[in-house]
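Structure file upload.txt; described as compact mmCIF, C-alpha atoms.
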```txt
# COMPACT_ATOMS: atom_id res chain seq x y z
CA MET E 1 84.62 -47.47 106.86
CA GLY E 2 84.61 -49.45 110.10
CA PRO E 3 83.89 -53.15 110.67
CA VAL E 4 80.76 -54.59 109.08
CA PRO E 5 77.68 -54.18 111.32
CA ARG E 6 76.50 -57.45 112.82
CA THR E 7 73.03 -58.55 111.76
CA LEU E 8 70.48 -58.94 114.53
CA GLU E 9 67.09 -60.43 113.75
CA LEU E 10 64.32 -59.77 116.23
CA PHE E 11 61.37 -62.13 115.83
CA TYR E 12 58.34 -60.74 117.65
CA ASP E 13 54.56 -60.65 117.95
CA VAL E 14 52.73 -57.59 119.30
CA LEU E 15 50.73 -59.97 121.51
CA SER E 16 53.91 -60.62 123.48
CA PRO E 17 54.76 -58.12 126.24
CA TYR E 18 58.34 -59.29 126.58
CA SER E 19 58.69 -58.83 122.80
CA TRP E 20 57.86 -55.14 123.32
CA LEU E 21 60.49 -54.81 126.04
CA GLY E 22 63.15 -56.53 123.94
CA PHE E 23 62.15 -54.43 120.92
CA GLU E 24 62.54 -51.12 122.76
CA VAL E 25 65.95 -52.09 124.14
CA LEU E 26 67.23 -53.11 120.71
CA CYS E 27 65.79 -49.99 119.08
CA ARG E 28 67.70 -47.92 121.63
CA TYR E 29 70.93 -49.78 120.99
CA GLN E 30 70.71 -49.90 117.19
CA ASN E 31 72.36 -46.46 117.03
CA ILE E 32 74.89 -47.24 119.74
CA TRP E 33 76.14 -50.70 118.88
CA ASN E 34 77.59 -51.70 115.52
CA ILE E 35 74.53 -53.70 114.52
CA LYS E 36 71.93 -53.87 111.79
CA LEU E 37 68.57 -54.58 113.39
CA GLN E 38 66.14 -56.57 111.24
CA LEU E 39 62.60 -56.69 112.55
CA ARG E 40 60.82 -59.97 111.77
CA PRO E 41 57.09 -59.96 112.53
CA SER E 42 56.08 -63.51 113.51
CA LEU E 43 53.11 -65.38 114.90
CA LEU E 44 53.50 -66.48 118.51
CA GLY E 45 50.57 -68.87 118.12
CA GLY E 46 52.35 -70.67 115.29
CA ILE E 47 55.50 -71.07 117.37
CA MET E 48 53.59 -72.41 120.36
CA LYS E 49 51.80 -74.92 118.17
CA ASP E 50 54.98 -76.06 116.43
CA SER E 51 57.00 -76.43 119.63
CA GLY E 52 54.29 -77.88 121.85
CA ASN E 53 54.82 -75.07 124.35
CA LYS E 54 52.03 -73.27 126.19
CA PRO E 55 51.73 -69.57 127.03
CA PRO E 56 53.31 -69.14 130.50
CA ALA E 57 50.20 -67.41 131.82
CA MET E 58 48.32 -70.69 131.53
CA LEU E 59 50.11 -71.79 134.70
CA PRO E 60 48.42 -69.80 137.50
CA ARG E 61 51.59 -69.02 139.44
CA LYS E 62 53.42 -67.97 136.32
CA GLY E 63 50.49 -65.74 135.37
CA GLN E 64 50.63 -64.09 138.77
CA TYR E 65 54.40 -63.68 138.51
CA LEU E 66 54.10 -62.22 135.01
CA ARG E 67 51.86 -59.44 136.28
CA GLU E 68 54.36 -58.38 138.94
CA ASP E 69 57.32 -58.82 136.62
CA ILE E 70 55.72 -56.56 133.98
CA LYS E 71 55.01 -53.91 136.63
CA LEU E 72 58.66 -53.83 137.70
CA LEU E 73 60.02 -53.94 134.18
CA ARG E 74 57.74 -51.04 133.23
CA GLN E 75 59.78 -48.86 135.56
CA HIS E 76 63.16 -50.43 134.93
CA PHE E 77 62.83 -50.40 131.11
CA GLN E 78 60.83 -47.16 131.02
CA VAL E 79 58.22 -48.61 128.67
CA PRO E 80 54.56 -47.75 129.49
CA ILE E 81 53.47 -51.39 129.52
CA GLU E 82 50.23 -52.25 131.27
CA PHE E 83 48.30 -55.49 131.61
CA PRO E 84 45.02 -55.48 129.62
CA LYS E 85 41.95 -55.85 131.86
CA ASP E 86 40.80 -59.08 130.22
CA PHE E 87 44.13 -60.73 129.56
CA PHE E 88 42.74 -64.08 128.48
CA SER E 89 40.29 -62.65 126.00
CA THR E 90 42.70 -60.10 124.54
CA ILE E 91 45.81 -62.20 124.35
CA LEU E 92 44.68 -65.80 124.18
CA GLU E 93 41.38 -65.52 122.34
CA LYS E 94 41.42 -62.47 120.08
CA GLY E 95 45.05 -62.80 119.05
CA SER E 96 47.02 -60.71 116.55
CA LEU E 97 46.72 -62.35 113.13
CA SER E 98 45.59 -59.27 111.18
CA ALA E 99 48.05 -57.01 112.98
CA MET E 100 50.99 -59.30 112.28
CA ARG E 101 49.91 -59.67 108.65
CA PHE E 102 49.78 -55.88 108.40
CA LEU E 103 53.32 -55.64 109.79
CA THR E 104 54.41 -58.37 107.39
CA ALA E 105 52.98 -56.43 104.44
CA LEU E 106 54.78 -53.34 105.76
CA SER E 107 58.04 -55.28 105.95
CA LEU E 108 57.65 -56.03 102.24
CA GLU E 109 56.48 -52.58 101.06
CA HIS E 110 57.53 -49.94 103.60
CA PRO E 111 60.10 -51.51 105.94
CA GLU E 112 61.10 -48.04 107.16
CA MET E 113 57.67 -47.80 108.87
CA LEU E 114 57.94 -51.16 110.60
CA GLU E 115 59.44 -49.89 113.85
CA LYS E 116 56.93 -47.08 114.38
CA VAL E 117 53.82 -49.04 113.45
CA SER E 118 54.89 -52.00 115.59
CA ARG E 119 55.29 -49.61 118.51
CA GLU E 120 51.84 -48.08 117.96
CA LEU E 121 50.25 -51.52 117.91
CA TRP E 122 51.94 -52.36 121.22
CA MET E 123 50.81 -49.02 122.63
CA ARG E 124 47.23 -49.99 121.76
CA VAL E 125 47.11 -53.53 123.10
CA TRP E 126 49.79 -53.41 125.81
CA SER E 127 49.50 -49.86 127.08
CA ARG E 128 46.03 -48.43 126.48
CA ASP E 129 44.12 -51.75 126.43
CA GLU E 130 42.69 -51.02 122.97
CA ASP E 131 41.69 -53.41 120.22
CA ILE E 132 44.14 -54.45 117.51
CA THR E 133 41.98 -56.96 115.66
CA GLU E 134 39.58 -54.67 113.74
CA PRO E 135 40.68 -52.96 110.49
CA GLN E 136 39.92 -49.54 112.01
CA SER E 137 42.20 -50.31 114.95
CA ILE E 138 45.10 -51.26 112.71
CA LEU E 139 44.60 -48.19 110.50
CA ALA E 140 44.54 -45.98 113.59
CA ALA E 141 47.89 -47.39 114.74
CA ALA E 142 49.39 -46.93 111.27
CA GLU E 143 48.23 -43.33 111.07
CA LYS E 144 49.46 -42.54 114.57
CA ALA E 145 52.83 -43.85 113.40
CA GLY E 146 52.84 -41.29 110.59
CA MET E 147 51.36 -43.15 107.62
CA SER E 148 48.79 -41.38 105.48
CA ALA E 149 45.27 -42.82 105.44
CA GLU E 150 45.74 -43.91 101.81
CA GLN E 151 49.08 -45.53 102.42
CA ALA E 152 47.70 -47.41 105.43
CA GLN E 153 44.58 -48.48 103.54
CA GLY E 154 46.75 -49.71 100.67
CA ILE E 155 48.72 -51.94 103.00
CA LEU E 156 45.57 -53.17 104.74
CA GLU E 157 44.15 -54.34 101.41
CA LYS E 158 47.13 -56.64 100.99
CA ILE E 159 46.96 -58.50 104.28
CA SER E 160 44.91 -61.41 102.95
CA THR E 161 46.95 -61.89 99.79
CA PRO E 162 48.85 -65.20 99.45
CA LYS E 163 52.13 -63.27 99.28
CA VAL E 164 51.66 -61.69 102.71
CA LYS E 165 50.14 -64.78 104.33
CA ASN E 166 53.03 -66.89 103.09
CA GLN E 167 55.66 -64.41 104.18
CA LEU E 168 54.29 -64.41 107.75
CA LYS E 169 54.23 -68.20 107.68
CA GLU E 170 57.84 -68.32 106.43
CA THR E 171 59.09 -65.85 109.03
CA THR E 172 57.39 -67.86 111.76
CA GLU E 173 58.94 -71.05 110.41
CA ALA E 174 62.35 -69.38 110.33
CA ALA E 175 61.97 -68.61 114.03
CA CYS E 176 61.05 -72.26 114.65
CA LYS E 177 64.09 -73.37 112.65
CA TYR E 178 66.27 -71.24 114.92
CA GLY E 179 64.79 -73.20 117.83
CA ALA E 180 62.12 -70.80 119.07
CA PHE E 181 59.63 -72.10 121.64
CA GLY E 182 58.26 -68.62 122.35
CA LEU E 183 58.91 -64.97 121.57
CA PRO E 184 60.84 -62.73 121.49
CA ILE E 185 63.89 -64.36 120.03
CA THR E 186 66.95 -62.40 118.98
CA VAL E 187 69.20 -64.10 116.48
CA VAL E 188 72.68 -62.64 116.28
CA HIS E 189 75.11 -63.62 113.57
CA VAL E 190 78.64 -63.60 114.99
CA ASP E 191 81.64 -65.16 113.24
CA GLY E 192 79.36 -66.78 110.71
CA GLN E 193 77.35 -68.54 113.42
CA PRO E 194 73.78 -67.74 114.42
CA HIS E 195 73.08 -67.54 118.15
CA MET E 196 69.46 -67.57 119.26
CA LEU E 197 68.64 -65.80 122.53
CA PHE E 198 65.18 -66.09 124.05
CA GLY E 199 63.54 -63.33 126.03
CA SER E 200 64.01 -59.67 126.77
CA ASP E 201 66.41 -60.49 129.60
CA ARG E 202 69.29 -61.76 127.50
CA MET E 203 70.39 -58.37 126.17
CA GLU E 204 73.39 -58.13 128.48
CA LEU E 205 74.47 -61.55 127.22
CA LEU E 206 73.90 -60.30 123.67
CA ALA E 207 76.24 -57.38 124.38
CA TYR E 208 78.80 -59.88 125.65
CA LEU E 209 78.51 -61.91 122.43
CA LEU E 210 78.88 -58.76 120.33
CA GLY E 211 81.79 -57.42 122.35
CA GLU E 212 79.73 -54.30 123.00
CA LYS E 213 79.08 -52.35 126.21
CA TRP E 214 75.88 -52.97 128.14
CA MET E 215 74.54 -49.80 129.69
CA GLY E 216 71.26 -51.15 131.02
CA PRO E 217 67.86 -51.13 129.35
CA VAL E 218 67.83 -47.30 129.08
CA PRO E 219 71.22 -46.31 127.67
CA PRO E 220 72.16 -42.61 127.62
CA ALA E 221 71.25 -41.17 124.22
CA VAL E 222 74.39 -39.05 124.23
CA ASN E 223 76.38 -42.14 123.28
CA ALA E 224 74.37 -42.53 120.10
CA ARG E 225 76.40 -42.92 116.97
CA ILE E 226 75.60 -40.20 114.41
CA MET U 1 76.86 -47.35 161.21
CA GLY U 2 75.22 -47.01 157.79
CA PRO U 3 71.72 -47.93 156.67
CA VAL U 4 70.40 -51.38 157.65
CA PRO U 5 71.39 -54.07 155.11
CA ARG U 6 68.46 -55.30 153.04
CA THR U 7 67.60 -58.98 153.50
CA LEU U 8 67.80 -61.16 150.40
CA GLU U 9 66.56 -64.74 150.54
CA LEU U 10 67.80 -67.06 147.81
CA PHE U 11 65.73 -70.23 147.50
CA TYR U 12 67.65 -72.85 145.51
CA ASP U 13 68.17 -76.51 144.71
CA VAL U 14 71.53 -77.85 143.50
CA LEU U 15 69.62 -79.71 140.80
CA SER U 16 68.88 -76.37 139.19
CA PRO U 17 71.60 -74.94 136.93
CA TYR U 18 70.11 -71.45 136.90
CA SER U 19 70.08 -71.60 140.71
CA TRP U 20 73.85 -71.99 140.55
CA LEU U 21 74.23 -68.99 138.27
CA GLY U 22 72.03 -66.81 140.46
CA PHE U 23 73.85 -68.07 143.58
CA GLU U 24 77.30 -67.15 142.24
CA VAL U 25 76.17 -63.66 141.20
CA LEU U 26 74.63 -62.98 144.62
CA CYS U 27 77.67 -64.41 146.44
CA ARG U 28 79.83 -61.96 144.48
CA TYR U 29 77.59 -59.02 145.30
CA GLN U 30 77.06 -59.79 148.99
CA ASN U 31 80.25 -57.90 149.84
CA ILE U 32 79.55 -55.09 147.39
CA TRP U 33 75.90 -54.25 147.93
CA ASN U 34 74.35 -53.38 151.28
CA ILE U 35 72.56 -56.71 151.62
CA LYS U 36 72.34 -59.69 153.94
CA LEU U 37 72.17 -62.83 151.83
CA GLN U 38 70.22 -65.69 153.40
CA LEU U 39 70.62 -69.01 151.61
CA ARG U 40 67.46 -71.13 151.71
CA PRO U 41 67.95 -74.71 150.50
CA SER U 42 64.67 -75.86 148.92
CA LEU U 43 63.35 -78.79 146.95
CA LEU U 44 62.65 -78.06 143.30
CA GLY U 45 60.76 -81.34 143.34
CA GLY U 46 58.43 -79.93 145.96
CA ILE U 47 57.69 -76.98 143.72
CA MET U 48 57.46 -78.93 140.48
CA LYS U 49 56.34 -82.33 141.80
CA ASP U 50 59.45 -84.17 140.52
CA SER U 51 62.75 -84.91 142.35
CA GLY U 52 66.38 -86.01 142.43
CA SER U 53 68.25 -84.05 145.03
CA LEU U 54 66.47 -85.02 148.23
CA SER U 55 69.48 -86.17 150.25
CA ALA U 56 71.69 -83.33 149.10
CA MET U 57 69.09 -80.70 149.94
CA ARG U 58 68.41 -82.34 153.32
CA PHE U 59 72.14 -82.22 154.00
CA LEU U 60 72.19 -78.51 153.18
CA THR U 61 69.13 -77.99 155.34
CA ALA U 62 70.85 -79.70 158.29
CA LEU U 63 73.86 -77.48 157.65
CA SER U 64 71.68 -74.39 157.65
CA LEU U 65 70.54 -75.37 161.16
CA GLU U 66 73.91 -76.43 162.60
CA HIS U 67 76.73 -74.82 160.57
CA PRO U 68 75.22 -72.06 158.42
CA GLU U 69 78.68 -70.63 157.81
CA MET U 70 79.43 -73.73 155.68
CA LEU U 71 76.28 -73.44 153.57
CA GLU U 72 77.76 -71.39 150.74
CA LYS U 73 80.84 -73.56 150.24
CA VAL U 74 79.10 -76.93 150.48
CA SER U 75 76.31 -75.77 148.14
CA ARG U 76 78.98 -74.77 145.63
CA GLU U 77 80.74 -78.13 145.90
CA LEU U 78 77.48 -79.98 145.27
CA TRP U 79 76.90 -77.91 142.12
CA MET U 80 80.47 -78.53 141.05
CA ARG U 81 79.76 -82.26 141.28
CA VAL U 82 76.44 -82.43 139.48
CA TRP U 83 76.67 -79.43 137.15
CA SER U 84 80.37 -79.21 136.40
CA ARG U 85 81.95 -82.65 136.69
CA ASP U 86 78.79 -84.70 136.05
CA GLU U 87 79.27 -86.64 139.31
CA ASP U 88 76.69 -88.22 141.55
CA ILE U 89 75.11 -86.29 144.42
CA THR U 90 72.62 -88.88 145.62
CA GLU U 91 74.89 -91.35 147.45
CA PRO U 92 76.09 -90.63 151.01
CA GLN U 93 79.73 -90.89 149.86
CA SER U 94 79.11 -88.26 147.21
CA ILE U 95 77.64 -85.81 149.68
CA LEU U 96 80.44 -86.39 152.17
CA ALA U 97 83.00 -85.83 149.42
CA ALA U 98 81.43 -82.48 148.60
CA ALA U 99 81.35 -81.47 152.27
CA GLU U 100 85.00 -82.39 152.77
CA LYS U 101 86.05 -80.59 149.60
CA ALA U 102 84.31 -77.53 151.04
CA GLY U 103 86.51 -77.74 154.15
CA MET U 104 84.48 -79.78 156.61
CA SER U 105 86.23 -82.50 158.57
CA ALA U 106 85.13 -86.08 157.95
CA GLU U 107 83.60 -86.24 161.45
CA GLN U 108 81.75 -82.99 161.10
CA ALA U 109 80.37 -84.06 157.70
CA GLN U 110 79.39 -87.49 158.99
CA GLY U 111 77.66 -85.88 161.95
CA ILE U 112 75.52 -83.76 159.67
CA LEU U 113 74.81 -86.68 157.36
CA GLU U 114 73.40 -88.68 160.26
CA LYS U 115 70.81 -85.99 160.82
CA ILE U 116 69.35 -85.81 157.34
CA SER U 117 66.53 -88.26 157.98
CA THR U 118 65.48 -86.76 161.31
CA PRO U 119 61.99 -85.20 161.50
CA LYS U 120 63.57 -81.84 162.36
CA VAL U 121 65.57 -81.67 159.12
CA LYS U 122 62.86 -83.18 156.94
CA ASN U 123 60.35 -80.69 158.28
CA GLN U 124 62.67 -77.73 157.87
CA LEU U 125 63.22 -78.55 154.21
CA LYS U 126 59.49 -78.94 153.75
CA GLU U 127 58.86 -75.59 155.46
CA THR U 128 61.47 -73.77 153.40
CA THR U 129 60.03 -75.22 150.21
CA GLU U 130 56.54 -74.20 151.31
CA ALA U 131 57.82 -70.70 152.05
CA ALA U 132 59.07 -70.50 148.46
CA CYS U 133 55.65 -71.65 147.24
CA LYS U 134 53.97 -69.02 149.43
CA TYR U 135 56.10 -66.38 147.75
CA GLY U 136 54.66 -67.63 144.44
CA ALA U 137 57.50 -69.85 143.21
CA PHE U 138 56.82 -72.11 140.21
CA GLY U 139 60.49 -72.99 139.82
CA LEU U 140 63.91 -72.10 141.18
CA PRO U 141 65.89 -70.02 141.81
CA ILE U 142 63.78 -67.33 143.38
CA THR U 143 65.28 -64.33 145.11
CA VAL U 144 63.07 -62.59 147.62
CA VAL U 145 64.11 -59.06 148.49
CA HIS U 146 62.54 -57.13 151.29
CA VAL U 147 62.37 -53.45 150.35
CA ASP U 148 60.30 -50.87 152.22
CA GLY U 149 58.64 -53.63 154.21
CA GLN U 150 57.42 -55.33 151.01
CA PRO U 151 58.71 -58.66 149.70
CA HIS U 152 59.44 -58.82 145.97
CA MET U 153 59.95 -62.24 144.43
CA LEU U 154 62.18 -62.46 141.35
CA PHE U 155 62.47 -65.70 139.40
CA GLY U 156 65.58 -66.80 137.58
CA SER U 157 69.24 -65.92 137.41
CA ASP U 158 68.52 -63.21 134.84
CA ARG U 159 66.72 -60.75 137.10
CA MET U 160 69.80 -59.57 139.01
CA GLU U 161 70.01 -56.27 137.17
CA LEU U 162 66.36 -55.65 138.06
CA LEU U 163 67.23 -56.62 141.65
CA ALA U 164 69.95 -53.94 141.66
CA TYR U 165 67.37 -51.44 140.41
CA LEU U 166 65.01 -52.35 143.27
CA LEU U 167 67.84 -52.01 145.79
CA GLY U 168 69.11 -48.75 144.32
CA GLU U 169 72.47 -50.44 143.86
CA LYS U 170 74.86 -50.45 140.91
CA TRP U 171 74.82 -53.39 138.51
CA MET U 172 78.29 -54.23 137.24
CA GLY U 173 77.46 -57.37 135.31
CA PRO U 174 77.63 -60.97 136.51
CA VAL U 175 81.34 -60.74 137.33
CA PRO U 176 81.80 -57.51 139.30
CA PRO U 177 85.35 -56.28 139.99
CA ALA U 178 86.49 -57.57 143.39
CA VAL U 179 88.21 -54.25 144.17
CA ASN U 180 84.81 -52.75 144.99
CA ALA U 181 84.28 -55.29 147.74
CA ARG U 182 83.32 -53.84 151.05
CA ILE U 183 85.78 -54.82 153.82
```
Is it possible to give me this structure as structure tokens?
Amino acid sequence: MGPVPRTLELFYDVLSPYSWLGFEVLCRYQNIWNIKLQLRPSLLGGIMKDSGNKPPAMLPRKGQYLREDIKLLRQHFQVPIEFPKDFFSTILEKGSLSAMRFLTALSLEHPEMLEKVSRELWMRVWSRDEDITEPQSILAAAEKAGMSAEQAQGILEKISTPKVKNQLKETTEAACKYGAFGLPITVVHVDGQPHMLFGSDRMELLAYLLGEKWMGPVPPAVNARI
Amino acid sequence: MGPVPRTLELFYDVLSPYSWLGFEVLCRYQNIWNIKLQLRPSLLGGIMKDSGSLSAMRFLTALSLEHPEMLEKVSRELWMRVWSRDEDITEPQSILAAAEKAGMSAEQAQGILEKISTPKVKNQLKETTEAACKYGAFGLPITVVHVDGQPHMLFGSDRMELLAYLLGEKWMGPVPPAVNARI
């Protein structure tokens, strides 16, 4: 057996476009690098509140820049990410509480489904401009990811339980404790020390910290470890 | 003669640490990629309505008008002062020290220093900063690359791999091997 895989925690919210980009890169590299990727659904709103930060899009020039940046990264990262028509309503008003609670419940009951369902939720809100707040929307994402209707319904029924609500709160607090002021954050444990990296544009630096090879945001699959 | 080099404008302020990082990466790649790097000293304060580097950036602006070939080295020495050795960059002596460390003679440096409060230099710095704002800057550094007649503005020192993608060039990390340098 080789060296112990390094633990990587990815704290994310499906409301966050850069979280999706970081997520896809790490999912690609989890079978290439010697890492154990732990997905940690969190609430971006809670982190903003706790840190006193504001969503970047609230500053007009940043909002304009974000739109162009996402367009370029769509091509560079090969992720079909697209700005929703009514960004403010979708992202800043409607939010993602139910969706993130659903993912939290999944993390407790069916963690093996977490990656696929997270992706389907992003595909709804950040690719096809579809709702993610209604129960039907969340069930649709879960089923598209491969869950049966019963399984998905079973998870949905748990999202307002204290256990799930508290877990989401704790995960969000853990991100804050690591110093998060936004999402995504990647926490890598190297030599017994946690290093928190903010953003989807610190993955090359992450590779450097891990002593691994960076092959861009779309690494060749042929290098995948079996 | 090969294809025309693509113009890259780097708007920066020595007050900005990420500007230094972006600057060093682009300086390394200017002899590797088919680009023409144009350094554009700007005032972060003008973009963010705060300040601290006015004299230093005016000095660099004057340099850009009179001795542009010294711009890279003097910029670096100013960063080395403020962001490496925690030394002052606001006093005239500090700025002269940086200029001389970069290879300028005392007379040359003094000559440039005497121009920093002229309307010409003050206006140029203002214009450059406004140009950055027109490109959509909300901070520094910004790199503006002109590709297919379109300007693309990239913010930060962490968009250089994306820049390579836009240019169709190879990204070899922030410290590319010098052996690939074009003669």
What residues in chain U have any atom no more than 10 Å from chain E when counting only C-alpha atoms, and can you write them as a list in words? Cys133, Tyr135, Gly136, Ala137, Phe138, Gly139, His152, Met153, Leu154, Phe155, Ser157, Asp158, Arg159, Glu161, Leu162, Leu163, Tyr165, Leu166, Trp171, Met172, Gly173 and Pro174 of chain U
Export of prior selection with C-alpha atoms as a PDB file, in the frame of the given file:
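The file below, selection_12.pdb, is the result:
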```pdb
ATOM      1  CA  CYS U 133      55.650 -71.650 147.240  1.00  0.00           C
ATOM      2  CA  TYR U 135      56.100 -66.380 147.750  1.00  0.00           C
ATOM      3  CA  GLY U 136      54.660 -67.630 144.440  1.00  0.00           C
ATOM      4  CA  ALA U 137      57.500 -69.850 143.210  1.00  0.00           C
ATOM      5  CA  PHE U 138      56.820 -72.110 140.210  1.00  0.00           C
ATOM      6  CA  GLY U 139      60.490 -72.990 139.820  1.00  0.00           C
ATOM      7  CA  HIS U 152      59.440 -58.820 145.970  1.00  0.00           C
ATOM      8  CA  MET U 153      59.950 -62.240 144.430  1.00  0.00           C
ATOM      9  CA  LEU U 154      62.180 -62.460 141.350  1.00  0.00           C
ATOM     10  CA  PHE U 155      62.470 -65.700 139.400  1.00  0.00           C
ATOM     11  CA  SER U 157      69.240 -65.920 137.410  1.00  0.00           C
ATOM     12  CA  ASP U 158      68.520 -63.210 134.840  1.00  0.00           C
ATOM     13  CA  ARG U 159      66.720 -60.750 137.100  1.00  0.00           C
ATOM     14  CA  GLU U 161      70.010 -56.270 137.170  1.00  0.00           C
ATOM     15  CA  LEU U 162      66.360 -55.650 138.060  1.00  0.00           C
ATOM     16  CA  LEU U 163      67.230 -56.620 141.650  1.00  0.00           C
ATOM     17  CA  TYR U 165      67.370 -51.440 140.410  1.00  0.00           C
ATOM     18  CA  LEU U 166      65.010 -52.350 143.270  1.00  0.00           C
ATOM     19  CA  TRP U 171      74.820 -53.390 138.510  1.00  0.00           C
ATOM     20  CA  MET U 172      78.290 -54.230 137.240  1.00  0.00           C
ATOM     21  CA  GLY U 173      77.460 -57.370 135.310  1.00  0.00           C
ATOM     22  CA  PRO U 174      77.630 -60.970 136.510  1.00  0.00           C
TER      23      PRO U 174
END
```
_d(atom CA of Gln30 of chain E, atom CA of Ala142 of chain E) in Å_ =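 Separation of atom CA of Gln30 of chain E and atom CA of Ala142 of chain E: 22.3 Å.
Residues in contact with segment 150-153 of chain E at up to 9 Å, not including ones fewer than 4 positions away on its chain and judged by all atoms listed in the file, are Ile138, Leu139, Ala140, Ala142, Glu143, Glu157 and Lys158 of chain E.
Between atom CA of Gly45 of chain U and atom CA of His146 of chain U the separation is 25.5 Å.
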Give me the residues within 12 Å of segment 82-89 of chain U as an mmCIF file with C-alpha atoms, keeping the file's coordinate frame, counting only C-alpha atoms and dropping any in the same chain fewer than 2 places off.
```cif
data_model
loop_
_atom_site.group_PDB
_atom_site.id
_atom_site.type_symbol
_atom_site.label_atom_id
_atom_site.label_comp_id
_atom_site.auth_asym_id
_atom_site.auth_seq_id
_atom_site.Cartn_x
_atom_site.Cartn_y
_atom_site.Cartn_z
ATOM 1 C CA ASP U 13 68.170 -76.510 144.710
ATOM 2 C CA VAL U 14 71.530 -77.850 143.500
ATOM 3 C CA LEU U 15 69.620 -79.710 140.800
ATOM 4 C CA SER U 16 68.880 -76.370 139.190
ATOM 5 C CA PRO U 17 71.600 -74.940 136.930
ATOM 6 C CA TYR U 18 70.110 -71.450 136.900
ATOM 7 C CA SER U 19 70.080 -71.600 140.710
ATOM 8 C CA TRP U 20 73.850 -71.990 140.550
ATOM 9 C CA LEU U 21 74.230 -68.990 138.270
ATOM 10 C CA GLY U 52 66.380 -86.010 142.430
ATOM 11 C CA SER U 53 68.250 -84.050 145.030
ATOM 12 C CA LEU U 54 66.470 -85.020 148.230
ATOM 13 C CA SER U 55 69.480 -86.170 150.250
ATOM 14 C CA ALA U 56 71.690 -83.330 149.100
ATOM 15 C CA MET U 57 69.090 -80.700 149.940
ATOM 16 C CA ARG U 58 68.410 -82.340 153.320
ATOM 17 C CA PHE U 59 72.140 -82.220 154.000
ATOM 18 C CA VAL U 74 79.100 -76.930 150.480
ATOM 19 C CA SER U 75 76.310 -75.770 148.140
ATOM 20 C CA ARG U 76 78.980 -74.770 145.630
ATOM 21 C CA GLU U 77 80.740 -78.130 145.900
ATOM 22 C CA LEU U 78 77.480 -79.980 145.270
ATOM 23 C CA TRP U 79 76.900 -77.910 142.120
ATOM 24 C CA MET U 80 80.470 -78.530 141.050
ATOM 25 C CA GLU U 91 74.890 -91.350 147.450
ATOM 26 C CA PRO U 92 76.090 -90.630 151.010
ATOM 27 C CA GLN U 93 79.730 -90.890 149.860
ATOM 28 C CA SER U 94 79.110 -88.260 147.210
ATOM 29 C CA ILE U 95 77.640 -85.810 149.680
ATOM 30 C CA LEU U 96 80.440 -86.390 152.170
ATOM 31 C CA ALA U 97 83.000 -85.830 149.420
ATOM 32 C CA ALA U 98 81.430 -82.480 148.600
ATOM 33 C CA ALA U 99 81.350 -81.470 152.270
#
```
_I want to know what sits within 10 Å of Leu167 of chain U, based on all atoms listed in the file, with residues of the same chain fewer than 6 positions away left out; could you give that as an MDAnalysis selection string?_
chainID U and resid 6 33:35 145:148 161
Considering all atoms listed in the file, tabulate each residue of segment 51-118 of chain E that lies at most 7 Å from segment 164-174 of chain E along with its nearest interatomic pair and the corresponding distance in Å to one decimal; arrange the rows by chain and ascending residue number and present them as CSV.
```
residue,atom,partner,partner_atom,distance
E:Arg101,CA,E:Val164,CA,6.5
E:Thr104,CA,E:Leu168,CA,6.1
E:Ala105,CA,E:Val164,CA,5.7
```
Next item on the list: Could you check how far atom CA of Asn123 of chain U sits from atom CA of Leu63 of chain U, in Å to one decimal?
Entry: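 Interatomic distance, atom CA of Asn123 of chain U to atom CA of Leu63 of chain U: 13.9 Å.
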Need the shell around segment 45-49 of chain E: protein/DNA/RNA residues with any atom at most 12 Å away, counting all atoms listed in the file. Skip same-chain ones fewer than 2 positions apart. Format as a PyMOL selection string?
chain E and resi 11-16+42-43+51-56+91-97+100+168-185
Once you have the residues from the selection above, write them out as a short mmCIF file (atom, residue, chain, number, x, y, z; two decimals), keeping the file's coordinate frame, restricted to C-alpha atoms.
```
data_model
loop_
_atom_site.label_atom_id
_atom_site.label_comp_id
_atom_site.auth_asym_id
_atom_site.auth_seq_id
_atom_site.Cartn_x
_atom_site.Cartn_y
_atom_site.Cartn_z
CA PHE E 11 61.37 -62.13 115.83
CA TYR E 12 58.34 -60.74 117.65
CA ASP E 13 54.56 -60.65 117.95
CA VAL E 14 52.73 -57.59 119.30
CA LEU E 15 50.73 -59.97 121.51
CA SER E 16 53.91 -60.62 123.48
CA SER E 42 56.08 -63.51 113.51
CA LEU E 43 53.11 -65.38 114.90
CA SER E 51 57.00 -76.43 119.63
CA GLY E 52 54.29 -77.88 121.85
CA ASN E 53 54.82 -75.07 124.35
CA LYS E 54 52.03 -73.27 126.19
CA PRO E 55 51.73 -69.57 127.03
CA PRO E 56 53.31 -69.14 130.50
CA ILE E 91 45.81 -62.20 124.35
CA LEU E 92 44.68 -65.80 124.18
CA GLU E 93 41.38 -65.52 122.34
CA LYS E 94 41.42 -62.47 120.08
CA GLY E 95 45.05 -62.80 119.05
CA SER E 96 47.02 -60.71 116.55
CA LEU E 97 46.72 -62.35 113.13
CA MET E 100 50.99 -59.30 112.28
CA LEU E 168 54.29 -64.41 107.75
CA LYS E 169 54.23 -68.20 107.68
CA GLU E 170 57.84 -68.32 106.43
CA THR E 171 59.09 -65.85 109.03
CA THR E 172 57.39 -67.86 111.76
CA GLU E 173 58.94 -71.05 110.41
CA ALA E 174 62.35 -69.38 110.33
CA ALA E 175 61.97 -68.61 114.03
CA CYS E 176 61.05 -72.26 114.65
CA LYS E 177 64.09 -73.37 112.65
CA TYR E 178 66.27 -71.24 114.92
CA GLY E 179 64.79 -73.20 117.83
CA ALA E 180 62.12 -70.80 119.07
CA PHE E 181 59.63 -72.10 121.64
CA GLY E 182 58.26 -68.62 122.35
CA LEU E 183 58.91 -64.97 121.57
CA PRO E 184 60.84 -62.73 121.49
CA ILE E 185 63.89 -64.36 120.03
#
```
